Amino acid sequence: MLSRKADYGVRAMVDIARQPPSTRVIVADVAKRQNIPAFYLAKIMPLLARAGLVRTSLGASGGIALAAPADQISLLQIIQAIDGPFALNRCSH
């Protein structure tokens, strides 16, 4: 089963991907559109950034943007960035 944190991360990534290319979005705006607690999403974004899936920047023109085109980011990458490696069953290990 997908963790709540991974679910929120996937929903946030889809939301960011739906924005015009190279658009930087604000975490609070994504949280509001996706009905995710902003403080919780703010803890998830650094995980996605460390995995190289999003870029973050501070300042007046700051925000979050995808680090690669959306079609080059997989669902598995997002989930593993948040929850770590996983297997579908014991035999997969």
# chains A, B, ... in the order shown; residues from 1 in each chain; ligands from 1
>>> select_by_dssp(residues="chain A", states="helix (DSSP H, G or I)", output="PyMOL selection string")
chain A and resi 4-17+27-34+38-50+70-72+75-83+90-92
>>> write_last_selection(atoms="N, CA and C atoms", output="short mmCIF file (atom, residue, chain, number, x, y, z; two decimals), in the first residue's frame")
data_model
loop_
_atom_site.label_atom_id
_atom_site.label_comp_id
_atom_site.auth_asym_id
_atom_site.auth_seq_id
_atom_site.Cartn_x
_atom_site.Cartn_y
_atom_site.Cartn_z
N ARG A 4 0.96 7.54 2.92
CA ARG A 4 0.32 8.85 2.77
C ARG A 4 1.33 9.87 2.24
N LYS A 5 2.56 9.78 2.74
CA LYS A 5 3.61 10.71 2.31
C LYS A 5 3.88 10.54 0.81
N ALA A 6 3.96 9.30 0.34
CA ALA A 6 4.19 9.05 -1.09
C ALA A 6 2.99 9.49 -1.91
N ASP A 7 1.79 9.26 -1.41
CA ASP A 7 0.58 9.72 -2.09
C ASP A 7 0.61 11.23 -2.27
N TYR A 8 0.94 11.94 -1.22
CA TYR A 8 1.02 13.39 -1.31
C TYR A 8 2.11 13.82 -2.29
N GLY A 9 3.23 13.13 -2.26
CA GLY A 9 4.32 13.46 -3.17
C GLY A 9 3.94 13.26 -4.63
N VAL A 10 3.26 12.18 -4.92
CA VAL A 10 2.81 11.90 -6.29
C VAL A 10 1.81 12.97 -6.73
N ARG A 11 0.86 13.28 -5.86
CA ARG A 11 -0.13 14.30 -6.20
C ARG A 11 0.51 15.66 -6.43
N ALA A 12 1.50 15.99 -5.63
CA ALA A 12 2.20 17.26 -5.79
C ALA A 12 2.97 17.29 -7.11
N MET A 13 3.64 16.18 -7.43
CA MET A 13 4.41 16.13 -8.68
C MET A 13 3.49 16.25 -9.89
N VAL A 14 2.34 15.63 -9.85
CA VAL A 14 1.37 15.74 -10.95
C VAL A 14 0.90 17.18 -11.07
N ASP A 15 0.64 17.80 -9.94
CA ASP A 15 0.20 19.20 -9.95
C ASP A 15 1.27 20.09 -10.58
N ILE A 16 2.51 19.91 -10.17
CA ILE A 16 3.62 20.71 -10.72
C ILE A 16 3.77 20.45 -12.21
N ALA A 17 3.63 19.19 -12.62
CA ALA A 17 3.77 18.84 -14.04
C ALA A 17 2.67 19.46 -14.90
N VAL A 27 4.90 25.98 -2.76
CA VAL A 27 4.42 24.79 -2.05
C VAL A 27 3.02 25.01 -1.49
N ALA A 28 2.77 26.16 -0.91
CA ALA A 28 1.45 26.42 -0.33
C ALA A 28 0.34 26.38 -1.38
N ASP A 29 0.65 26.83 -2.61
CA ASP A 29 -0.34 26.80 -3.68
C ASP A 29 -0.64 25.36 -4.10
N VAL A 30 0.41 24.56 -4.22
CA VAL A 30 0.22 23.15 -4.57
C VAL A 30 -0.58 22.46 -3.48
N ALA A 31 -0.22 22.72 -2.23
CA ALA A 31 -0.92 22.11 -1.10
C ALA A 31 -2.40 22.46 -1.12
N LYS A 32 -2.70 23.71 -1.40
CA LYS A 32 -4.10 24.14 -1.43
C LYS A 32 -4.87 23.46 -2.56
N ARG A 33 -4.26 23.43 -3.76
CA ARG A 33 -4.95 22.80 -4.90
C ARG A 33 -5.17 21.31 -4.68
N GLN A 34 -4.23 20.66 -4.00
CA GLN A 34 -4.30 19.21 -3.81
C GLN A 34 -4.89 18.80 -2.46
N ALA A 38 0.00 22.00 4.12
CA ALA A 38 1.19 22.68 3.59
C ALA A 38 2.45 22.33 4.38
N PHE A 39 2.34 22.24 5.71
CA PHE A 39 3.52 21.91 6.51
C PHE A 39 4.04 20.52 6.18
N TYR A 40 3.14 19.60 5.86
CA TYR A 40 3.52 18.23 5.54
C TYR A 40 4.17 18.18 4.15
N LEU A 41 3.60 18.90 3.21
CA LEU A 41 4.17 18.93 1.86
C LEU A 41 5.54 19.60 1.88
N ALA A 42 5.72 20.60 2.74
CA ALA A 42 7.02 21.26 2.86
C ALA A 42 8.11 20.30 3.33
N LYS A 43 7.73 19.25 4.02
CA LYS A 43 8.70 18.23 4.47
C LYS A 43 8.99 17.20 3.36
N ILE A 44 8.07 17.06 2.42
CA ILE A 44 8.22 16.09 1.34
C ILE A 44 9.09 16.65 0.21
N MET A 45 8.95 17.94 -0.06
CA MET A 45 9.67 18.55 -1.19
C MET A 45 11.19 18.38 -1.12
N PRO A 46 11.83 18.51 0.05
CA PRO A 46 13.28 18.29 0.08
C PRO A 46 13.68 16.86 -0.32
N LEU A 47 12.82 15.90 -0.03
CA LEU A 47 13.11 14.52 -0.44
C LEU A 47 13.12 14.40 -1.96
N LEU A 48 12.17 15.06 -2.59
CA LEU A 48 12.09 15.05 -4.06
C LEU A 48 13.25 15.82 -4.67
N ALA A 49 13.66 16.89 -4.00
CA ALA A 49 14.80 17.68 -4.48
C ALA A 49 16.10 16.88 -4.36
N ARG A 50 16.29 16.21 -3.23
CA ARG A 50 17.50 15.38 -3.06
C ARG A 50 17.59 14.27 -4.08
N ALA A 70 8.32 16.10 -17.51
CA ALA A 70 7.44 15.18 -16.78
C ALA A 70 7.46 13.77 -17.35
N ASP A 71 7.60 13.64 -18.66
CA ASP A 71 7.59 12.30 -19.25
C ASP A 71 8.88 11.52 -18.98
N GLN A 72 9.84 12.15 -18.33
CA GLN A 72 11.09 11.47 -17.97
C GLN A 72 11.16 11.15 -16.47
N LEU A 75 6.75 7.21 -11.83
CA LEU A 75 6.05 7.05 -10.56
C LEU A 75 6.96 6.35 -9.56
N LEU A 76 7.69 5.36 -10.01
CA LEU A 76 8.60 4.63 -9.14
C LEU A 76 9.67 5.56 -8.56
N GLN A 77 10.21 6.46 -9.37
CA GLN A 77 11.21 7.41 -8.87
C GLN A 77 10.64 8.27 -7.76
N ILE A 78 9.42 8.72 -7.93
CA ILE A 78 8.79 9.58 -6.93
C ILE A 78 8.59 8.81 -5.63
N ILE A 79 8.04 7.61 -5.72
CA ILE A 79 7.76 6.81 -4.54
C ILE A 79 9.05 6.45 -3.82
N GLN A 80 10.07 6.05 -4.56
CA GLN A 80 11.33 5.67 -3.91
C GLN A 80 12.05 6.87 -3.32
N ALA A 81 11.88 8.04 -3.89
CA ALA A 81 12.48 9.25 -3.32
C ALA A 81 11.89 9.53 -1.94
N ILE A 82 10.65 9.18 -1.77
CA ILE A 82 9.95 9.47 -0.52
C ILE A 82 10.01 8.31 0.47
N ASP A 83 9.72 7.11 0.01
CA ASP A 83 9.64 5.96 0.90
C ASP A 83 10.87 5.06 0.87
N ARG A 90 8.22 -10.50 -1.35
CA ARG A 90 9.49 -10.93 -0.76
C ARG A 90 10.46 -11.47 -1.82
N CYS A 91 9.97 -12.11 -2.85
CA CYS A 91 10.82 -12.69 -3.87
C CYS A 91 11.56 -11.61 -4.66
N SER A 92 11.04 -10.41 -4.69
CA SER A 92 11.67 -9.33 -5.44
C SER A 92 12.99 -8.89 -4.79
#
>>> closest_atom_pairs(of="range 22-44 of chain A", to="range 55-64 of chain A", cutoff="9 Å", atoms="only C-alpha atoms", output="Markdown table")
| residue | atom | partner | partner_atom | distance |
| --- | --- | --- | --- | --- |
| A:Thr23 | CA | A:Ile64 | CA | 8.1 |
| A:Arg24 | CA | A:Gly63 | CA | 4.9 |
| A:Val25 | CA | A:Gly63 | CA | 5.0 |
| A:Ile26 | CA | A:Gly63 | CA | 5.0 |
| A:Val27 | CA | A:Gly63 | CA | 7.3 |
>>> closest_residue(among="A:Pro20, A:Gly52, A:Gly84, A:Pro69", to="Ser3 in chain A", atoms="only C-alpha atoms")
A:Gly84
>>> select_by_dssp(residues="chain A", states="strand (DSSP E or B)", output="PyMOL selection string")
chain A and resi 25+54-57+63-66
>>> atom_distance(atom1="CA of Phe86 in chain A", atom2="CA of Arg18 in chain A")
27.3 Å
